[in-house]
Amino acid sequence: VWGRPSSVVKYSAYCYSELLHMKGQTVTTPLGEKIRDLRKKKGFTLDRLAELSESSKSYIWELENKNPPRPSAEKVAKIAIALGVTPDY
């Protein structure tokens, strides 16, 4: 059990993320951070990554912002290809 969402943080470009606290530390989702960081480095919007990975915008948002994300292996592979990395990145 990771804990309860305790605050919402606003990032640039209107991206929101739930932060969790565990033993006094803020915990973010590593998968979500990787997807968001790679997406922004590529200059992709949520819409563009969703289109390239054959996913919905809301699905990509949930992967970036929900804890824990629960993507299928197929979706991870499609997102990874769209971002130019391997699924195990």
# chains A, B, ... in the order shown; residues from 1 in each chain; ligands from 1
>>> residues_around(residues="region 45-54 of chain A", least_positions_apart="2", cutoff="6 Å", atoms="only C-alpha atoms", output="list in words")
Ser56, Lys57, Lys78, Ile79 and Ala82 of chain A
>>> write_last_selection(atoms="C-alpha atoms", output="tab-separated table (two decimals), in the first residue's frame")
chain	number	residue	atom	x	y	z
A	56	SER	CA	-6.72	7.50	-25.88
A	57	LYS	CA	-5.57	10.82	-24.44
A	78	LYS	CA	3.16	0.80	-28.46
A	79	ILE	CA	3.94	3.79	-26.24
A	82	ALA	CA	6.10	5.98	-30.27
>>> residues_around(residues="Ala73 (chain A)", least_positions_apart="4", cutoff="12 Å", atoms="only C-alpha atoms", output="ChimeraX atom specification")
/A:77-80,86-88
>>> closest_residue(among="A:Tyr89, A:Pro30, A:Arg39, A:Ser55", to="Asn67 (chain A)", atoms="only C-alpha atoms")
A:Pro30
>>> residues_around(residues="Arg36 (chain A)", least_positions_apart="5", cutoff="9 Å", atoms="only C-alpha atoms", output="count of residues only")
6
>>> atom_distance(atom1="CA of Tyr59 (chain A)", atom2="CA of Ile81 (chain A)")
16.3 Å
